[in-house]
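Before any comments, here is the structure.
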Amino acid sequence: VQLQASGGGLVAAGDSLRLSCAASGRIFSSAVMGWFRQAPGKEREFVAEVRWGTSRTYYADSVKGRFTLSRDTADNTMYLQMNSLKPEDTAIYYCTRGVNIRDPVYWGQGTLVTVSS
């Protein structure tokens, strides 16, 4: 299983970014794909996840209403649209894959998002 995240960068507060995650191999409908992040000096935290087969999504309270997770089952690609970015969103964002919610098994290499104030 390989997870390739991309789309990070440096933006100003209030701007938007879209992260992408390309997954290799077959993704079963029961799989959970998602994003976690780790800010400097902090532990990794849950951001958002999607149940691959049903497209049901789950979000951390801190990003609800600002971030939208979507997936393209034909390309095995997942997207995280991030709007109204805040400096506290600055972190390395990791693409993840697992079976249970908030319990990833596989981690991608991460993409850095920096939001300036």
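The chains in the structure tokens are called A, B, ... from first to last as shown; in each chain the residues are counted from 1, and the ligands are counted from 1 in the order shown.
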Run DSSP on the backbone and tell me which residues of segment 5-92 of chain A come out as strand (DSSP E or B); list them as a ChimeraX atom specification.
/A:5-6,9-12,17-23,32-38,45-51,57-59,67-72,77-82,91-92
Which distance in Å separates atom CA of Leu112 of chain A and atom CA of Thr90 of chain A, to one decimal?
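It comes out at 7.8 Å.
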From the options A:Val105, A:Ala48, A:Ala31, A:Val115, which residue's atoms come nearest to Val11 of chain A, counting only C-alpha atoms?
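Comparing A:Val105, A:Ala48, A:Ala31, A:Val115 against Val11 of chain A, the winner is A:Val115.
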Write out as a ChimeraX atom specification which residues come within 12 Å of segment 97-102 of chain A when counting only C-alpha atoms, dropping same-chain ones fewer than 4 positions away.
/A:1-4,21-36,44-53,56-60,76-78,106-108
Spatial neighbours of Tyr93 of chain A, max dist 9 Å, only C-alpha atoms, sep filter under 6 positions, as a PyMOL selection string:
chain A and resi 5+8+19+35-39+47+109-113
Which of these residues is nearest to Asp72 of chain A, using only C-alpha atoms: A:Ser116, A:Thr96, A:Ser20, A:Leu10?
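Checking each of A:Ser116, A:Thr96, A:Ser20, A:Leu10 against Asp72 of chain A, counting only C-alpha atoms, the winner is A:Ser20.
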Using only C-alpha atoms, pick whichever of A:Arg66, A:Arg18, A:Ala12, A:Gly7 has the shortest atom-to-atom distance to Leu80 of chain A.
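Closest to Leu80 of chain A of all the choices is A:Arg18.
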In Å, with one decimal, what is the gap from atom CA of Lys42 of chain A to atom CA of Ile92 of chain A?
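Computing it gives 10.9 Å between the two atoms.
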Selected residue, from A:Ser6, A:Ser55, A:Asp89, A:Tyr94, that lies nearest to Pro40 of chain A when counting only C-alpha atoms:
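Closest candidate: A:Asp89.
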Measure the distance from atom CA of Ser16 of chain A to atom CA of Tyr79 of chain A in Å and round it to one decimal.
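The value is 13.0 Å.
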Residue among A:Asn83, A:Pro104, A:Cys95, A:Ser117 lying closest to Asp15 of chain A, counting only C-alpha atoms:
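So, comparing all the options, the nearest one is A:Asn83.
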With only C-alpha atoms as the basis for distance, which of A:Ala74, A:Ala13, A:Lys64, A:Asp103 is at the shortest distance from Glu88 of chain A?
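Among the listed residues, A:Ala13 lies closest to Glu88 of chain A.
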